[in-house]
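> Got a structure here, written out as C-alpha cells. Questions coming.
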Amino acid sequence: MLQKKQFPFYVFLFSIYPVLALLATNIAEVNIRVVFRPLFASLILASLLFVIMRLILKNWQQGALIATVILVCFFSYGHVYNLVRQISFALARHRYLIPIYVILFGILLWYTSKKVKDVASITIVINIVSIALLIFPAYRIISFTISNVYQEQSISEKSDLVQLTLPSPLPDVYYIVLDTYMREDALLRDMNFDNSEFISQLETMGFYVADCSRSNYSYTLASMTSALNMAYMSDLNLDNPKNPWLLLKQSKTRRQLEEIGYRTVAFETSYEWSRLDDADILLGIGRDPANLQTLYPFEVMFLKTTALLIPLDLNLKILSNGAGDGMFEYQYHVDLERFILNELPKISKISGPKFVFVHILIPHVPYVFDSQGEVRTDPGFYSGKLATAIDEEYLMAGYNGEIEFINAQMLNIFNEIIKASSTPPIIIMHGDHGLRDDNHLQILNAYYFPRDGNLNLYPNITPVNSFRVMFNTYFGTNYDILPDLSYHGEPLMLIPETAPECQE
C-alpha cells in the first residue's frame with residue numbers, strides 16, 4: 001500500500017496549474033466562474049490518464065509519471081506554437097511542430113519508463129514541486145479577490161455625491177461605448193473610410209458630434225472609469241490602484257443617479273471589469289457552466305494554449321472552405337454582441353427612470369462581422385496575434401466592415417429608443433480609444449441632449465466632461481468643466497491639449 005506522502009497527487013495539480021495560471025494572468029478581465037469547466041475537464045483528463053497508465057504499467061507511481069509527461073506535452077503545445085509564431089510566422093505550422101512533439105514525447109516516455117528507477121523518491125519531490133508551482137497563481141487570485149472586497153466597501157462608504165435638482169419627468173440616461181471606434185477625420189485619413197453619411201444622419205436625428213474629440217486615455221479601462229467618475233485617474237484617490245475597475249462598476253455617475261431613484265440596466269460583456277454584476281437589471285445570454293454549446297472567451301484562450309489548438313485550426317479551415325458549420329471559436333462573442341444589439345432598443349419599455357450602461361465590442365477585434373453583420377469565415381480576419389487580422393489588408397477590410405455594420409445598427413437602435421421614449425432620453429456614445437498610432441486617441445464622441453442641451457457642448461470635449469455637462473444641464477449641478485487632456489501609453493504621457501488637426 002502506498003504511503004500518503006508517496007501518493008502521486010501531483011498528476012492532478014499539474015493538470016489544474018495551466019488553468020489557474022491563465023486565470024491569475026487575466027484575473028482582472030474575467031469572472032472566476034469561467035474556470036469551472038476547464039478545471040473539471042482538466043481533472044477528468046488527468047484522472048483518465050492516471051487510471052489507464054496504472055492499468056497498463058501495474059504501478060500507481062509509474063503510471064502517474066507517464067500520465068504527467070502526457071499532460072505536460074498536451075498543455076504546453078499551444079504555448080510553444082504561439083511562441084514560434086511570434087518568432088517566425090512561416091515556421092508556425094502544425095506539420096512542423098507535431099513531429100517534433102512526437103519525437104520529444106517518445107524520448108520522455110522512454111526515459112521515464114526505462115531510466116527512472118527510484119520512482120518513490122521522485123514522487124515525493126514532484127509532489128512538493130507541484131504544490132510550489134500553484135502558490136503564485138493561488139496567491140494572485142486570492143489577494144486580488146480580497147482587495148476587491150475591501151475597495152468595493154470603501155467606495156460604497158464614499159460621501160462624494162452632490163445635491164441634484166430633479167427634472168420632471170426624469171429622462172432615461174444611456175451610456176454607450178463602442179470599443180475602438182475612431183473619429184471621422186481619422187477614419188478617412190488612416191482607413192480610407194468616409195464616415196460622413198453616418199455623422200450626418202446622427203446630426204439629423206438631433207445628436208451633437210464633437211468632431212475634434214479625443215479620449216482621455218489610450219486604454220479602455222481608464223477611458224471609461226474617468227468618464228463615469230467625471231475625473232482623471234490621478235484624482236480618484238484609488239485605495240488599490242491595481243483594481244481601478246471597481247470605480248467603473250461603482251462610478252460616481254451611477255451612484256448619483258441611483259441616489260435619486262434611477263435603476264441601473266447593464267449587459268453582459270466579455271470582460272469582468274466592465275460587467276456590472278450588481279446592476280438592478282443585468283441582461284445576457286446566460287452563463288450556465290452546464291451549457292456546453294457556448295465557449296466563453298477564457299475557455300477559447302485556454303484551449304489555444306493546449307494541443308486542442310490543432311483541431312481548432314483545422315476547424316477554421318473547414319469554416320473558411322464553407323464545408324459545414326464547424327465550431328466557431330468566437331461564437332460567444334458573436335452571440336453576445338448580437339444579443340446586445342437586439343435587446344438595447346427594448347430597454348425604453350422598462351418602467352421608471354433608467355441608467356443604461358452598454359459596452360459594445362464592435363469594431364473591436366476579432367473582426368468577425370462583415371458590413372451586413374454576417375460572420376466572416378476567413379480566418380485571416382482574426383487569427384493574428386491577440387485575435388487581430390493577419391496583415392494590413394485584412395485589418396482594413398475587417399475594421400471598416402465592422403464600422404459599417406455597427407453604424408447601421410446604432411442608427412436603427414437610436415431611432416427606436418427615441419421614438420419609444422415617453423420622455424426624450426439622454427444618450428452619450430463614444431469610442432473608448434482609436435485603433436493605433438496617430439489615431440489612438442481620436443474618437444467618435446456623440447451626444448443626444450434634448451431641449452437645447454447641445455448648446456453646452458463643444459467640438460473638443462472629452463469623455464471626462466460628458467457627465468459634468470449632463471448633470472449641469474439637466475440636474476442643476478455646477479460642476480466645473482475640466483481641461484480636456486489626453487494621456488497615452490504606460491507610463492502615461494500627456495498629449496498637447498489641442499491636437500494640430502483641430503486648430504482653427
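For the C-alpha cells, the naming scheme is as follows: chains receive sequential letters (A, B, ...) according to their order of presentation, residues are indexed from 1 within each chain, and ligands are indexed from 1 in presentation order.
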Residues at most 6 Å from Ala231 of chain A, counting only C-alpha atoms, excluding those fewer than 2 positions away in the same chain, as a PyMOL selection string?
chain A and resi 226+229+464
> Skip Ala41 of chain A itself and residues of its chain fewer than 3 positions away, then list as a short mmCIF file (atom, residue, chain, number, x, y, z; two decimals) with N, CA and C atoms, in the first residue's frame all residues within 12 Å of it, counting only C-alpha atoms.

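Saved result, out_12.cif, follows:
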data_model
loop_
_atom_site.label_atom_id
_atom_site.label_comp_id
_atom_site.auth_asym_id
_atom_site.auth_seq_id
_atom_site.Cartn_x
_atom_site.Cartn_y
_atom_site.Cartn_z
N PHE A 12 -2.67 15.50 -10.54
CA PHE A 12 -3.87 16.35 -10.54
C PHE A 12 -3.51 17.82 -10.43
N SER A 15 -2.39 19.14 -13.66
CA SER A 15 -3.49 19.30 -14.62
C SER A 15 -4.26 20.61 -14.41
N ILE A 16 -4.33 21.09 -13.15
CA ILE A 16 -5.08 22.32 -12.91
C ILE A 16 -4.19 23.56 -12.96
N VAL A 19 -4.73 26.02 -15.96
CA VAL A 19 -5.98 26.78 -15.87
C VAL A 19 -5.83 27.92 -14.87
N VAL A 35 -13.68 29.45 -14.95
CA VAL A 35 -12.65 28.40 -14.83
C VAL A 35 -13.25 27.05 -14.46
N PHE A 36 -14.53 27.01 -14.09
CA PHE A 36 -15.09 25.76 -13.58
C PHE A 36 -15.02 24.64 -14.61
N ARG A 37 -15.47 24.90 -15.82
CA ARG A 37 -15.47 23.84 -16.85
C ARG A 37 -14.04 23.44 -17.24
N PRO A 38 -13.12 24.39 -17.49
CA PRO A 38 -11.75 23.97 -17.78
C PRO A 38 -11.10 23.17 -16.65
N ILE A 44 -10.66 15.61 -15.11
CA ILE A 44 -11.16 14.38 -15.72
C ILE A 44 -10.08 13.77 -16.62
N LEU A 45 -9.44 14.62 -17.42
CA LEU A 45 -8.36 14.14 -18.30
C LEU A 45 -7.23 13.51 -17.49
N ALA A 46 -6.81 14.20 -16.43
CA ALA A 46 -5.73 13.67 -15.59
C ALA A 46 -6.13 12.34 -14.96
N SER A 47 -7.36 12.24 -14.48
CA SER A 47 -7.83 11.01 -13.83
C SER A 47 -7.86 9.84 -14.81
N LEU A 48 -8.35 10.09 -16.01
CA LEU A 48 -8.40 9.03 -17.02
C LEU A 48 -7.00 8.55 -17.38
N PRO A 289 -22.66 27.09 -16.41
CA PRO A 289 -21.49 26.26 -16.74
C PRO A 289 -21.86 24.95 -17.42
N LEU A 292 -22.95 23.54 -22.68
CA LEU A 292 -21.77 23.16 -23.46
C LEU A 292 -21.79 23.70 -24.88
N GLU A 299 -12.28 30.32 -22.08
CA GLU A 299 -12.17 28.91 -22.45
C GLU A 299 -11.50 28.76 -23.81
N PHE A 302 -7.89 29.39 -23.31
CA PHE A 302 -7.26 28.23 -22.67
C PHE A 302 -7.04 27.10 -23.67
N LEU A 303 -8.04 26.80 -24.46
CA LEU A 303 -7.92 25.73 -25.46
C LEU A 303 -6.77 26.00 -26.41
#
> Pick the closest to Ser251 of chain A from A:Trp110, A:Tyr447, A:Phe40, A:Phe355: which is it, counting only C-alpha atoms?
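The closest residue to Ser251 of chain A is A:Phe355.
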> Considering only C-alpha atoms, return as a list of chain:residue names whatever protein or nucleic-acid residues lie within 9 Å of Val11 of chain A, sequence-local ones (same chain, fewer than 5 positions apart) excluded.
A:Ala46, A:Ser47, A:Phe50, A:Ala64, A:Leu65, A:Ala67, A:Thr68, A:Leu71, A:Asn127, A:Ser130
> Would you write out those residues with N, CA and C atoms, as a compact mmCIF listing (two decimals), in the first residue's frame?

# COMPACT_ATOMS: atom_id res chain seq x y z
N ALA A 46 -6.81 14.20 -16.43
CA ALA A 46 -5.73 13.67 -15.59
C ALA A 46 -6.13 12.34 -14.96
N SER A 47 -7.36 12.24 -14.48
CA SER A 47 -7.83 11.01 -13.83
C SER A 47 -7.86 9.84 -14.81
N PHE A 50 -4.30 8.82 -15.61
CA PHE A 50 -3.72 8.19 -14.42
C PHE A 50 -4.18 6.75 -14.30
N ALA A 64 1.48 7.52 -12.80
CA ALA A 64 1.36 8.97 -12.62
C ALA A 64 2.44 9.72 -13.36
N LEU A 65 3.65 9.15 -13.37
CA LEU A 65 4.78 9.82 -14.04
C LEU A 65 4.53 9.89 -15.55
N ALA A 67 1.60 9.64 -17.06
CA ALA A 67 0.42 10.50 -17.28
C ALA A 67 0.81 11.97 -17.23
N THR A 68 1.72 12.32 -16.33
CA THR A 68 2.15 13.71 -16.21
C THR A 68 2.95 14.15 -17.44
N LEU A 71 0.42 14.96 -19.98
CA LEU A 71 -0.24 16.22 -19.65
C LEU A 71 0.63 17.43 -19.98
N ASN A 127 5.72 15.88 -5.99
CA ASN A 127 4.59 16.35 -5.20
C ASN A 127 4.87 17.74 -4.63
N SER A 130 4.94 20.39 -7.39
CA SER A 130 3.60 20.73 -7.88
C SER A 130 2.87 21.67 -6.93
> Counting only C-alpha atoms, what is within 10 Å of segment 452-456 of chain A, bar same-chain residues fewer than 3 positions away, as a list in words?
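Listing them by chain and then by number gives Gly206, Phe207, Tyr208, Val209, Ile426, Tyr447, Tyr448, Phe449, Val469, Met470, Asn472, Thr473 and Tyr474 of chain A.
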> With N, CA and C atoms retained, export the selected residues as a PDB file, in the first residue's frame.

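What follows is the written file part.pdb:
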ATOM      1  N   GLY A 206     -30.644  64.723 -34.249  1.00  0.00           N
ATOM      2  CA  GLY A 206     -30.547  65.621 -33.106  1.00  0.00           C
ATOM      3  C   GLY A 206     -29.294  65.441 -32.277  1.00  0.00           C
ATOM      4  N   PHE A 207     -28.377  64.574 -32.709  1.00  0.00           N
ATOM      5  CA  PHE A 207     -27.128  64.367 -31.983  1.00  0.00           C
ATOM      6  C   PHE A 207     -26.158  65.528 -32.239  1.00  0.00           C
ATOM      7  N   TYR A 208     -25.335  65.785 -31.226  1.00  0.00           N
ATOM      8  CA  TYR A 208     -24.187  66.673 -31.401  1.00  0.00           C
ATOM      9  C   TYR A 208     -22.962  65.776 -31.485  1.00  0.00           C
ATOM     10  N   VAL A 209     -22.196  65.887 -32.574  1.00  0.00           N
ATOM     11  CA  VAL A 209     -20.984  65.089 -32.748  1.00  0.00           C
ATOM     12  C   VAL A 209     -19.781  66.001 -32.565  1.00  0.00           C
ATOM     13  N   ILE A 426     -31.509  60.924 -22.670  1.00  0.00           N
ATOM     14  CA  ILE A 426     -30.152  61.471 -22.794  1.00  0.00           C
ATOM     15  C   ILE A 426     -29.260  60.324 -23.248  1.00  0.00           C
ATOM     16  N   TYR A 447     -23.514  63.021 -28.712  1.00  0.00           N
ATOM     17  CA  TYR A 447     -24.433  63.288 -27.602  1.00  0.00           C
ATOM     18  C   TYR A 447     -25.832  63.573 -28.133  1.00  0.00           C
ATOM     19  N   TYR A 448     -26.820  62.962 -27.495  1.00  0.00           N
ATOM     20  CA  TYR A 448     -28.208  63.331 -27.727  1.00  0.00           C
ATOM     21  C   TYR A 448     -28.686  64.003 -26.452  1.00  0.00           C
ATOM     22  N   PHE A 449     -28.622  65.329 -26.439  1.00  0.00           N
ATOM     23  CA  PHE A 449     -29.037  66.131 -25.302  1.00  0.00           C
ATOM     24  C   PHE A 449     -30.276  66.920 -25.724  1.00  0.00           C
ATOM     25  N   VAL A 469     -21.201  67.956 -17.974  1.00  0.00           N
ATOM     26  CA  VAL A 469     -22.120  68.780 -18.759  1.00  0.00           C
ATOM     27  C   VAL A 469     -23.554  68.280 -18.597  1.00  0.00           C
ATOM     28  N   MET A 470     -23.736  66.972 -18.599  1.00  0.00           N
ATOM     29  CA  MET A 470     -25.089  66.421 -18.458  1.00  0.00           C
ATOM     30  C   MET A 470     -25.722  66.825 -17.135  1.00  0.00           C
ATOM     31  N   ASN A 472     -24.900  69.314 -15.163  1.00  0.00           N
ATOM     32  CA  ASN A 472     -25.104  70.767 -15.124  1.00  0.00           C
ATOM     33  C   ASN A 472     -26.335  71.173 -15.934  1.00  0.00           C
ATOM     34  N   THR A 473     -26.536  70.503 -17.071  1.00  0.00           N
ATOM     35  CA  THR A 473     -27.616  70.885 -17.988  1.00  0.00           C
ATOM     36  C   THR A 473     -28.984  70.435 -17.496  1.00  0.00           C
ATOM     37  N   TYR A 474     -29.066  69.232 -16.953  1.00  0.00           N
ATOM     38  CA  TYR A 474     -30.380  68.649 -16.644  1.00  0.00           C
ATOM     39  C   TYR A 474     -30.664  68.459 -15.156  1.00  0.00           C
TER      40      TYR A 474
END
